[in-house]
>>> print(open('protein.cif').read())   # mmCIF, C-alpha atoms
data_target
#
loop_
_atom_site.label_atom_id
_atom_site.label_comp_id
_atom_site.auth_asym_id
_atom_site.auth_seq_id
_atom_site.Cartn_x
_atom_site.Cartn_y
_atom_site.Cartn_z
CA MET A 1 5.23 45.54 64.46
CA GLN A 2 4.66 46.15 68.16
CA ASP A 3 2.69 43.58 70.15
CA LEU A 4 0.07 45.71 71.86
CA GLN A 5 -0.96 42.88 74.18
CA LYS A 6 2.53 42.58 75.66
CA ILE A 7 3.36 46.25 76.09
CA THR A 8 2.09 47.74 79.34
CA GLY A 9 2.42 51.14 80.91
CA TYR A 10 2.86 51.69 84.62
CA MET A 11 -0.85 50.98 85.19
CA GLY A 12 -1.23 48.09 82.78
CA GLY A 13 0.48 45.39 84.80
CA LEU A 14 -1.41 45.59 88.08
CA THR A 15 -2.64 42.38 89.71
CA PRO A 16 -6.30 42.10 90.74
CA SER A 17 -7.13 42.68 94.39
CA ALA A 18 -6.88 39.41 96.34
CA THR A 19 -9.46 40.61 98.86
CA LEU A 20 -12.03 41.26 96.16
CA ALA A 21 -11.20 37.95 94.44
CA ILE A 22 -11.72 35.75 97.53
CA THR A 23 -14.88 37.67 98.44
CA ALA A 24 -16.25 37.11 94.93
CA LYS A 25 -15.45 33.38 95.11
CA ALA A 26 -17.21 33.07 98.46
CA LYS A 27 -20.27 34.86 97.09
CA ALA A 28 -20.32 32.56 94.06
CA LEU A 29 -20.31 29.46 96.29
CA LYS A 30 -23.08 30.96 98.41
CA ALA A 31 -25.09 31.64 95.25
CA GLU A 32 -24.84 27.92 94.50
CA GLY A 33 -26.69 27.27 97.73
CA LEU A 34 -23.68 26.28 99.84
CA ASP A 35 -23.42 27.31 103.51
CA VAL A 36 -20.45 29.64 103.20
CA CYS A 37 -19.16 31.47 106.25
CA SER A 38 -17.34 34.59 105.03
CA MET A 39 -14.80 36.44 107.15
CA ALA A 40 -13.29 38.23 104.17
CA ALA A 41 -15.11 41.50 103.60
CA GLY A 42 -13.49 44.68 104.86
CA GLU A 43 -16.69 46.58 105.47
CA PRO A 44 -19.06 47.03 108.42
CA ASP A 45 -22.20 44.91 108.42
CA PHE A 46 -24.25 47.79 109.85
CA ASP A 47 -26.59 49.96 107.81
CA THR A 48 -25.62 53.54 107.04
CA PRO A 49 -27.09 55.76 109.79
CA LYS A 50 -30.57 57.09 109.02
CA ALA A 51 -29.56 60.74 109.44
CA VAL A 52 -26.95 60.31 106.70
CA LYS A 53 -29.37 58.61 104.33
CA ASP A 54 -32.04 61.22 104.99
CA ALA A 55 -29.63 64.02 104.09
CA CYS A 56 -28.80 62.30 100.82
CA ILE A 57 -32.47 61.72 100.01
CA GLN A 58 -33.24 65.35 100.74
CA ALA A 59 -30.44 66.43 98.40
CA LEU A 60 -31.88 64.26 95.64
CA ASN A 61 -35.37 65.64 96.21
CA GLU A 62 -33.93 69.16 96.00
CA SER A 63 -32.22 68.30 92.69
CA LYS A 64 -28.72 68.66 94.05
CA VAL A 65 -27.42 66.41 91.31
CA TYR A 66 -25.03 68.57 89.28
CA TYR A 67 -21.28 69.06 89.16
CA THR A 68 -19.44 70.33 92.21
CA PRO A 69 -15.82 71.51 92.36
CA ALA A 70 -13.37 68.65 91.83
CA SER A 71 -12.15 69.16 95.39
CA GLY A 72 -15.65 68.75 96.88
CA LEU A 73 -18.45 70.99 98.06
CA PRO A 74 -17.00 73.99 99.91
CA GLU A 75 -19.28 73.35 102.91
CA LEU A 76 -18.06 69.75 103.10
CA ARG A 77 -14.41 70.77 102.80
CA LYS A 78 -14.91 73.25 105.66
CA LEU A 79 -16.34 70.45 107.82
CA VAL A 80 -13.39 68.23 106.90
CA ALA A 81 -10.99 71.01 107.95
CA LYS A 82 -12.93 71.44 111.20
CA LYS A 83 -12.79 67.68 111.84
CA PHE A 84 -9.02 67.49 111.28
CA THR A 85 -8.39 70.63 113.35
CA GLU A 86 -10.60 69.80 116.33
CA GLU A 87 -10.64 66.00 116.44
CA ASN A 88 -7.13 65.22 115.24
CA ASN A 89 -5.29 68.35 116.38
CA ILE A 90 -4.10 69.01 112.82
CA PRO A 91 -4.65 72.72 112.18
CA CYS A 92 -5.60 73.25 108.53
CA THR A 93 -7.73 75.38 106.23
CA PHE A 94 -10.41 74.09 103.89
CA GLU A 95 -8.10 74.93 100.96
CA GLN A 96 -5.80 72.18 102.25
CA CYS A 97 -8.61 69.60 102.27
CA VAL A 98 -9.67 67.52 99.29
CA VAL A 99 -12.76 65.31 99.03
CA ALA A 100 -12.37 62.21 96.82
CA PRO A 101 -14.37 59.19 95.64
CA GLY A 102 -13.23 57.02 98.56
CA ALA A 103 -10.21 57.08 100.86
CA LYS A 104 -8.57 54.60 98.48
CA PHE A 105 -8.54 57.27 95.79
CA SER A 106 -7.33 59.83 98.32
CA VAL A 107 -4.31 57.60 98.96
CA PHE A 108 -3.76 57.05 95.25
CA SER A 109 -4.10 60.69 94.27
CA ALA A 110 -1.60 61.73 96.96
CA ILE A 111 0.94 59.16 95.75
CA ALA A 112 0.34 60.09 92.11
CA ALA A 113 0.71 63.82 92.78
CA LEU A 114 3.91 63.35 94.79
CA CYS A 115 5.90 60.39 93.41
CA GLY A 116 7.48 59.41 90.12
CA PRO A 117 10.31 57.37 88.54
CA GLY A 118 13.42 57.36 90.69
CA ASP A 119 11.54 57.90 93.94
CA GLU A 120 11.31 55.35 96.75
CA VAL A 121 8.31 54.79 99.02
CA ILE A 122 8.78 52.96 102.32
CA ILE A 123 5.93 50.60 103.22
CA PRO A 124 5.90 48.63 106.50
CA ALA A 125 4.71 45.03 106.10
CA PRO A 126 2.20 43.50 106.58
CA PHE A 127 0.51 46.22 104.53
CA TRP A 128 -2.81 46.85 102.83
CA LEU A 129 -2.29 45.16 99.49
CA SER A 130 -3.08 48.20 97.32
CA TYR A 131 -0.20 50.37 98.57
CA PRO A 132 2.64 48.79 96.54
CA GLU A 133 0.48 48.61 93.43
CA MET A 134 -0.38 52.31 93.75
CA VAL A 135 3.30 53.14 94.07
CA ASN A 136 4.08 51.00 91.03
CA THR A 137 1.60 52.97 88.90
CA THR A 138 3.75 56.09 89.34
CA GLY A 139 7.02 54.40 88.38
CA ALA A 140 8.32 54.83 91.92
CA LYS A 141 9.79 51.90 93.85
CA PRO A 142 8.10 50.33 96.90
CA VAL A 143 10.63 49.62 99.67
CA ILE A 144 9.18 47.02 102.02
CA VAL A 145 10.26 46.98 105.67
CA ASN A 146 9.03 43.98 107.64
CA THR A 147 7.55 44.39 111.11
CA LYS A 148 7.29 41.72 113.78
CA ALA A 149 4.55 40.43 116.04
CA GLU A 150 6.77 40.89 119.09
CA ASN A 151 6.82 44.62 118.32
CA ASN A 152 3.03 44.75 117.91
CA PHE A 153 3.65 45.01 114.14
CA GLU A 154 4.83 48.59 114.73
CA LEU A 155 7.77 49.77 112.67
CA VAL A 156 11.01 49.86 114.65
CA PRO A 157 12.67 53.28 114.21
CA GLU A 158 16.13 51.77 113.60
CA GLU A 159 14.75 49.65 110.76
CA LEU A 160 13.06 52.68 109.24
CA GLU A 161 16.30 54.67 109.45
CA ALA A 162 18.16 51.84 107.71
CA ALA A 163 15.68 51.85 104.82
CA VAL A 164 15.96 55.57 104.12
CA THR A 165 18.06 56.65 101.13
CA GLU A 166 18.52 59.90 99.23
CA LYS A 167 15.71 58.67 96.95
CA THR A 168 13.14 58.27 99.75
CA LYS A 169 10.18 60.51 98.96
CA LEU A 170 7.42 59.04 101.10
CA MET A 171 6.55 56.57 103.85
CA ILE A 172 3.08 55.08 104.21
CA LEU A 173 1.84 54.76 107.79
CA THR A 174 -1.43 53.01 108.67
CA THR A 175 -2.84 53.25 112.16
CA PRO A 176 -5.12 51.60 113.13
CA SER A 177 -3.80 49.01 110.73
CA ASN A 178 -5.30 46.81 108.08
CA PRO A 179 -4.43 43.93 108.30
CA THR A 180 -2.70 43.78 111.71
CA GLY A 181 -5.18 45.66 113.90
CA ALA A 182 -2.23 47.48 115.52
CA VAL A 183 -2.57 51.02 116.88
CA TYR A 184 0.75 52.86 116.97
CA SER A 185 1.95 54.24 120.29
CA ARG A 186 2.86 57.91 120.71
CA ALA A 187 6.51 56.97 121.31
CA LYS A 188 6.76 55.10 117.98
CA LEU A 189 5.01 57.92 116.13
CA GLU A 190 7.37 60.50 117.63
CA ALA A 191 10.38 58.43 116.58
CA ILE A 192 9.05 58.05 113.03
CA ALA A 193 8.28 61.78 112.86
CA ASN A 194 11.82 62.65 113.96
CA ILE A 195 13.29 60.47 111.21
CA ALA A 196 11.01 61.98 108.55
CA VAL A 197 11.95 65.51 109.60
CA LYS A 198 15.65 64.62 109.76
CA HIS A 199 15.70 63.14 106.24
CA ASN A 200 13.02 65.41 104.75
CA PHE A 201 10.59 62.81 103.37
CA MET A 202 6.82 62.84 103.59
CA ILE A 203 4.42 60.65 105.54
CA LEU A 204 1.12 59.43 104.12
CA ALA A 205 -0.96 58.68 107.22
CA ASP A 206 -3.91 56.44 106.33
CA GLU A 207 -6.28 56.85 109.30
CA ILE A 208 -9.50 55.44 107.82
CA TYR A 209 -10.05 53.22 110.90
CA GLU A 210 -9.35 55.96 113.46
CA LYS A 211 -12.75 55.78 115.19
CA LEU A 212 -12.54 52.00 115.57
CA VAL A 213 -10.18 51.70 118.55
CA TYR A 214 -11.02 49.69 121.64
CA ASP A 215 -8.47 50.09 124.44
CA ALA A 216 -8.01 53.11 126.69
CA ASP A 217 -4.23 52.65 126.67
CA LYS A 218 -4.10 52.55 122.86
CA PRO A 219 -5.88 55.71 121.65
CA HIS A 220 -5.60 56.84 118.07
CA ILE A 221 -3.01 59.59 117.61
CA SER A 222 -2.48 61.44 114.32
CA ILE A 223 1.20 61.74 113.55
CA ALA A 224 0.59 65.18 112.00
CA SER A 225 -0.54 66.43 115.41
CA LEU A 226 2.88 65.95 117.01
CA SER A 227 4.57 69.11 115.71
CA GLU A 228 4.42 71.78 113.05
CA GLU A 229 7.49 70.27 111.40
CA ILE A 230 5.89 66.85 110.83
CA ARG A 231 2.53 68.40 109.95
CA ASN A 232 4.25 70.16 107.05
CA LEU A 233 5.46 66.76 105.83
CA THR A 234 2.24 64.78 106.29
CA ILE A 235 -0.76 63.87 104.15
CA THR A 236 -3.55 62.61 106.44
CA VAL A 237 -6.20 60.47 104.77
CA ASN A 238 -9.59 59.60 106.22
CA GLY A 239 -13.17 59.10 105.04
CA CYS A 240 -16.67 57.92 105.79
CA SER A 241 -16.51 54.28 104.69
CA LYS A 242 -15.53 52.43 107.86
CA ALA A 243 -16.64 54.61 110.78
CA TYR A 244 -19.99 55.58 109.28
CA SER A 245 -20.67 52.30 107.43
CA MET A 246 -20.69 54.13 104.09
CA THR A 247 -18.40 51.88 102.03
CA GLY A 248 -20.46 52.09 98.85
CA TRP A 249 -20.94 55.84 99.09
CA ARG A 250 -17.29 56.45 98.15
CA ILE A 251 -16.46 59.46 100.29
CA GLY A 252 -12.84 59.96 101.24
CA PHE A 253 -10.90 63.07 102.16
CA LEU A 254 -7.43 64.26 103.05
CA THR A 255 -5.50 67.22 104.31
CA ALA A 256 -2.04 68.07 103.07
CA PRO A 257 0.35 71.00 102.83
CA LEU A 258 -1.25 73.58 100.54
CA TRP A 259 1.30 73.12 97.74
CA LEU A 260 0.50 69.39 97.56
CA ALA A 261 -3.26 69.83 98.04
CA LYS A 262 -3.26 72.02 94.92
CA ARG A 263 -1.49 69.28 92.95
CA ILE A 264 -3.98 66.67 94.16
CA ILE A 265 -6.94 68.87 93.20
CA ALA A 266 -5.49 69.34 89.71
CA PHE A 267 -5.00 65.57 89.40
CA GLN A 268 -8.58 64.86 90.46
CA SER A 269 -9.93 67.49 88.08
CA HIS A 270 -8.56 65.43 85.18
CA THR A 271 -9.50 61.98 86.51
CA THR A 272 -12.73 61.94 88.51
CA SER A 273 -14.35 65.38 88.11
CA ASN A 274 -16.19 65.27 91.45
CA VAL A 275 -17.52 62.90 94.06
CA THR A 276 -21.21 62.04 93.56
CA THR A 277 -22.97 65.24 94.50
CA PHE A 278 -25.85 63.95 96.61
CA ALA A 279 -23.53 61.55 98.47
CA GLN A 280 -21.55 64.58 99.64
CA TYR A 281 -24.63 65.87 101.45
CA GLY A 282 -24.78 62.59 103.34
CA ALA A 283 -21.15 63.10 104.32
CA ILE A 284 -22.01 66.59 105.55
CA ALA A 285 -24.61 65.10 107.89
CA ALA A 286 -22.05 62.56 109.12
CA LEU A 287 -19.40 65.18 109.85
CA GLU A 288 -21.94 67.44 111.51
CA GLY A 289 -22.28 64.74 114.17
CA LYS A 290 -25.82 63.68 113.34
CA ALA A 291 -24.83 60.00 113.44
CA ASP A 292 -22.46 60.07 116.42
CA ALA A 293 -24.67 57.84 118.58
CA ASP A 294 -24.82 55.23 115.78
CA ILE A 295 -21.05 55.35 115.42
CA GLU A 296 -20.46 54.71 119.11
CA ASN A 297 -22.90 51.79 119.08
CA MET A 298 -21.01 50.27 116.16
CA ARG A 299 -17.66 50.78 117.89
CA GLN A 300 -18.89 49.04 121.03
CA ALA A 301 -20.24 46.13 118.98
CA PHE A 302 -16.89 45.77 117.20
CA ALA A 303 -15.09 45.81 120.56
CA LYS A 304 -17.19 42.86 121.76
CA ARG A 305 -16.60 41.00 118.51
CA ARG A 306 -12.86 41.66 118.81
CA ASP A 307 -12.82 40.06 122.23
CA LEU A 308 -14.90 37.12 121.05
CA ILE A 309 -12.90 36.23 117.94
CA TYR A 310 -9.58 36.61 119.73
CA SER A 311 -10.70 34.42 122.64
CA LEU A 312 -11.84 31.67 120.27
CA VAL A 313 -9.11 31.69 117.63
CA SER A 314 -6.15 32.20 119.96
CA LYS A 315 -6.96 28.83 121.60
CA ILE A 316 -6.65 26.84 118.35
CA ASP A 317 -3.48 24.72 118.17
CA GLY A 318 -0.98 26.02 115.64
CA ILE A 319 -2.66 29.41 115.17
CA LYS A 320 -0.80 32.43 116.56
CA CYS A 321 -2.38 35.87 116.76
CA LEU A 322 -2.17 39.16 118.62
CA ARG A 323 -5.19 40.82 120.20
CA PRO A 324 -5.98 43.66 117.80
CA GLN A 325 -6.35 47.16 119.21
CA GLY A 326 -8.23 48.73 116.29
CA ALA A 327 -9.93 48.27 112.91
CA PHE A 328 -11.89 44.99 112.57
CA TYR A 329 -9.31 42.39 111.51
CA LEU A 330 -7.57 39.48 113.22
CA LEU A 331 -4.22 38.56 111.67
CA CYS A 332 -3.26 34.91 112.18
CA ASP A 333 0.15 33.29 111.73
CA ILE A 334 -0.32 29.91 110.01
CA SER A 335 3.38 29.11 109.44
CA ALA A 336 3.09 26.03 111.69
CA PHE A 337 1.18 24.21 108.96
CA GLY A 338 3.89 24.32 106.29
CA MET A 339 1.91 25.98 103.54
CA GLY A 340 1.51 29.43 102.13
CA SER A 341 -1.52 31.59 102.76
CA ASP A 342 -3.01 31.10 99.29
CA GLU A 343 -3.07 27.33 99.62
CA PHE A 344 -4.32 27.55 103.20
CA CYS A 345 -7.22 29.85 102.33
CA THR A 346 -8.12 27.94 99.17
CA ARG A 347 -8.36 24.69 101.08
CA LEU A 348 -10.16 26.35 103.97
CA LEU A 349 -12.84 27.62 101.60
CA GLU A 350 -13.13 24.39 99.67
CA GLU A 351 -13.11 22.00 102.64
CA GLU A 352 -14.85 24.00 105.36
CA LYS A 353 -16.66 26.71 103.34
CA LEU A 354 -14.87 29.36 105.41
CA ALA A 355 -13.58 32.42 103.53
CA ALA A 356 -10.51 34.22 104.88
CA ILE A 357 -8.03 36.49 103.15
CA PRO A 358 -4.57 35.15 102.26
CA CYS A 359 -1.89 37.69 103.13
CA SER A 360 0.57 36.79 100.39
CA SER A 361 -0.44 40.07 98.72
CA PHE A 362 -0.07 41.89 102.06
CA GLY A 363 3.64 41.11 102.32
CA ALA A 364 3.06 38.23 104.77
CA ASP A 365 2.61 34.85 103.10
CA ASN A 366 2.64 33.12 106.49
CA MET A 367 -0.46 35.04 107.59
CA ILE A 368 -4.20 35.02 106.94
CA ARG A 369 -6.73 37.72 107.82
CA PHE A 370 -10.18 37.36 109.31
CA SER A 371 -12.64 40.25 109.32
CA TYR A 372 -14.89 40.40 112.38
CA ALA A 373 -17.22 42.91 110.72
CA CYS A 374 -19.97 40.32 111.02
CA SER A 375 -22.34 38.83 113.57
CA GLU A 376 -21.20 36.99 116.70
CA GLU A 377 -22.97 33.92 115.33
CA ASN A 378 -20.81 34.12 112.21
CA ILE A 379 -17.68 34.52 114.33
CA ARG A 380 -18.50 31.40 116.38
CA LYS A 381 -19.24 29.41 113.24
CA ALA A 382 -15.95 30.57 111.67
CA ALA A 383 -13.94 29.54 114.74
CA GLU A 384 -15.57 26.10 114.71
CA ARG A 385 -14.74 25.60 111.03
CA LEU A 386 -11.18 26.82 111.48
CA GLN A 387 -10.79 24.44 114.43
CA SER A 388 -12.10 21.57 112.29
CA PHE A 389 -9.75 22.40 109.42
CA VAL A 390 -6.71 22.74 111.67
CA ALA A 391 -7.53 19.48 113.47
CA LYS A 392 -7.31 17.64 110.14
CA LEU A 393 -3.99 19.32 109.35
CA ASN A 394 -2.59 18.38 112.75
CA LYS A 395 -3.39 14.67 112.41
#
>>> encode(input="protein.cif", output="structure tokens")
Amino acid sequence: MQDLQKITGYMGGLTPSATLAITAKAKALKAEGLDVCSMAAGEPDFDTPKAVKDACIQALNESKVYYTPASGLPELRKLVAKKFTEENNIPCTFEQCVVAPGAKFSVFSAIAALCGPGDEVIIPAPFWLSYPEMVNTTGAKPVIVNTKAENNFELVPEELEAAVTEKTKLMILTTPSNPTGAVYSRAKLEAIANIAVKHNFMILADEIYEKLVYDADKPHISIASLSEEIRNLTITVNGCSKAYSMTGWRIGFLTAPLWLAKRIIAFQSHTTSNVTTFAQYGAIAALEGKADADIENMRQAFAKRRDLIYSLVSKIDGIKCLRPQGAFYLLCDISAFGMGSDEFCTRLLEEEKLAAIPCSSFGADNMIRFSYACSEENIRKAAERLQSFVAKLNK
């Protein structure tokens, strides 16, 4: 007789998210009354802009609470197409745009609609921990290509070329990056695009942090904007969670070649039905520009926090880090202390009540990640506790 508890399908053997696990542990300690300083959460600490909330409330009051098309409200999809076309220089029609319950599901649905057993998906490391697991659910094989701090954690074209095989179906590109904070240069993007076109594989460009960039010499550039050839091979994912502080609203969206967009819509029609209807009206307000002033205020606040956390942490003996150019994460190399990231973060939380994310699940066990999506007071407190912890290790 078969043992049902030991037999798993592609989706039955996934490991829980390490980021959610450490965040939950920190919250549990705080609930016990302990003074926990958390630098783990990957979400803005700002409220959703009032104009967005008002639009959602109005939709509720007008009883806009019923099913929409699985691909999203037509008026929202048209705004998404307008955003990609005008802001990102990715010409597209609304039929090529799909609204999903979060950018995470947009990434997953694209992978699920494109990949299967026998396919290979190239993922530069350090990576967002969900990418390999998403690939695994399809039966495809994640192919990890390590990047280096001396290259700004940007994928070196020669290393990408070496990883490509006849089975390569997709490469996942994240800029601005979680967890590295890197923003890819135009030159690197052009080189990657040339390789994708040469070998005829697709790019999944996760651009959820695109509005959170801080340096004039490191602007966000969409790889799909570089040429018609690469645009025809690119799925560009974005959403409202990070830029508009709408993490719990679950509004993501993508644009893809029409043939693939149709597959993704079919997949969503059998898995999620539609994104919460009244939340979509909030997203409409966001994409109409009604919260643009709020977004710029948040971006400027994150820029100041970036400078603060980097100035404090980069001075701590044994900690190595690069000044991030985007997103709201600081990636720290802790290899000098002779322990893996899980042990380091467990002890850091237990001994100093400071929560950071171990990057063992991000393809970088010698790294830990701090989120500076928090107050300057919290950042200063975190740096003090990290300094205290490291001082004990250095004795």
>>> closest_residue(input="protein.cif", among="A:Phe105, A:Phe127, A:Tyr281, A:Phe337", to="Glu75 of chain A", atoms="all atoms listed in the file")
A:Tyr281
>>> resolve_selection(input="protein.cif", expression="the PyMOL selection byres ((chain A and resi 166-173) around 8)", output="PyMOL selection string")
chain A and resi 115+118-124+164-165+174-175+201-206
>>> residues_around(input="protein.cif", residues="segment 356-366 of chain A", least_positions_apart="5", cutoff="6 Å", atoms="all atoms listed in the file", output="number ranges by chain")
A: 39-40, 125-129, 333-335, 340-342, 345
>>> write_last_selection(input="protein.cif", atoms="C-alpha atoms", output="PDB file, in the frame of the given file")
ATOM      1  CA  MET A  39     -14.800  36.440 107.150  1.00  0.00           C
ATOM      2  CA  ALA A  40     -13.290  38.230 104.170  1.00  0.00           C
ATOM      3  CA  ALA A 125       4.710  45.030 106.100  1.00  0.00           C
ATOM      4  CA  PRO A 126       2.200  43.500 106.580  1.00  0.00           C
ATOM      5  CA  PHE A 127       0.510  46.220 104.530  1.00  0.00           C
ATOM      6  CA  TRP A 128      -2.810  46.850 102.830  1.00  0.00           C
ATOM      7  CA  LEU A 129      -2.290  45.160  99.490  1.00  0.00           C
ATOM      8  CA  ASP A 333       0.150  33.290 111.730  1.00  0.00           C
ATOM      9  CA  ILE A 334      -0.320  29.910 110.010  1.00  0.00           C
ATOM     10  CA  SER A 335       3.380  29.110 109.440  1.00  0.00           C
ATOM     11  CA  GLY A 340       1.510  29.430 102.130  1.00  0.00           C
ATOM     12  CA  SER A 341      -1.520  31.590 102.760  1.00  0.00           C
ATOM     13  CA  ASP A 342      -3.010  31.100  99.290  1.00  0.00           C
ATOM     14  CA  CYS A 345      -7.220  29.850 102.330  1.00  0.00           C
TER      15      CYS A 345
END
>>> residues_around(input="protein.cif", residues="Leu60 of chain A", least_positions_apart="4", cutoff="12 Å", atoms="all atoms listed in the file", output="PyMOL selection string")
chain A and resi 53-56+64-66+276-282
>>> residues_near_point(input="protein.cif", point="(-15.7, 26.2, 116.7)", cutoff="12 Å", atoms="all atoms listed in the file", output="ChimeraX atom specification")
/A:308-309,311-316,352,354,377-391
>>> residues_near_point(input="protein.cif", point="(-9.3, 60.2, 114.0)", cutoff="7 Å", atoms="only C-alpha atoms", output="ChimeraX atom specification")
/A:87-88,207,210-211,220,222
>>> closest_atom_pairs(input="protein.cif", of="segment 167-203 of chain A", to="segment 138-161 of chain A", cutoff="7 Å", atoms="all atoms listed in the file", output="Markdown table")
| residue | atom | partner | partner_atom | distance |
| --- | --- | --- | --- | --- |
| A:Thr180 | CA | A:Phe153 | CA | 6.9 |
| A:Ala182 | CA | A:Asn152 | CA | 6.4 |
| A:Tyr184 | CA | A:Glu154 | CA | 6.3 |
| A:Ala191 | CA | A:Pro157 | CA | 6.1 |
| A:Ile192 | CA | A:Pro157 | CA | 6.1 |
| A:Ile195 | CA | A:Glu161 | CA | 6.8 |
>>> resolve_selection(input="protein.cif", expression="the PyMOL selection byres ((chain A and resi 208) around 8)", output="JSON, numbers by chain")
{"A": [103, 176, 206, 207, 209, 210, 237, 238, 239, 240, 241, 242, 243]}
>>> write_last_selection(input="protein.cif", atoms="C-alpha atoms", output="PDB file, in the frame of the given file")
ATOM      1  CA  ALA A 103     -10.210  57.080 100.860  1.00  0.00           C
ATOM      2  CA  PRO A 176      -5.120  51.600 113.130  1.00  0.00           C
ATOM      3  CA  ASP A 206      -3.910  56.440 106.330  1.00  0.00           C
ATOM      4  CA  GLU A 207      -6.280  56.850 109.300  1.00  0.00           C
ATOM      5  CA  TYR A 209     -10.050  53.220 110.900  1.00  0.00           C
ATOM      6  CA  GLU A 210      -9.350  55.960 113.460  1.00  0.00           C
ATOM      7  CA  VAL A 237      -6.200  60.470 104.770  1.00  0.00           C
ATOM      8  CA  ASN A 238      -9.590  59.600 106.220  1.00  0.00           C
ATOM      9  CA  GLY A 239     -13.170  59.100 105.040  1.00  0.00           C
ATOM     10  CA  CYS A 240     -16.670  57.920 105.790  1.00  0.00           C
ATOM     11  CA  SER A 241     -16.510  54.280 104.690  1.00  0.00           C
ATOM     12  CA  LYS A 242     -15.530  52.430 107.860  1.00  0.00           C
ATOM     13  CA  ALA A 243     -16.640  54.610 110.780  1.00  0.00           C
TER      14      ALA A 243
END
>>> atom_distance(input="protein.cif", atom1="atom CA of Ser38 of chain A", atom2="atom CA of Ala26 of chain A")
6.7 Å
>>> residues_around(input="protein.cif", residues="Lys304 of chain A", least_positions_apart="5", cutoff="10 Å", atoms="all atoms listed in the file", output="list in words")
Tyr214, Arg299, Ile309, Tyr372 and Glu376 of chain A
>>> atom_distance(input="protein.cif", atom1="atom CA of Ala112 of chain A", atom2="atom CA of Pro69 of chain A")
19.8 Å
>>> atom_distance(input="protein.cif", atom1="atom CA of Ser245 of chain A", atom2="atom CA of Thr48 of chain A")
5.1 Å
>>> residues_around(input="protein.cif", residues="Ser227 of chain A", least_positions_apart="5", cutoff="10 Å", atoms="all atoms listed in the file", output="ChimeraX atom specification")
/A:89-90,190,193-194,232
>>> resolve_selection(input="protein.cif", expression="the PyMOL selection byres ((chain A and resi 303) around 9)", output="JSON, numbers by chain")
{"A": [212, 213, 214, 215, 298, 299, 300, 301, 302, 304, 305, 306, 307, 308, 325, 326, 328]}
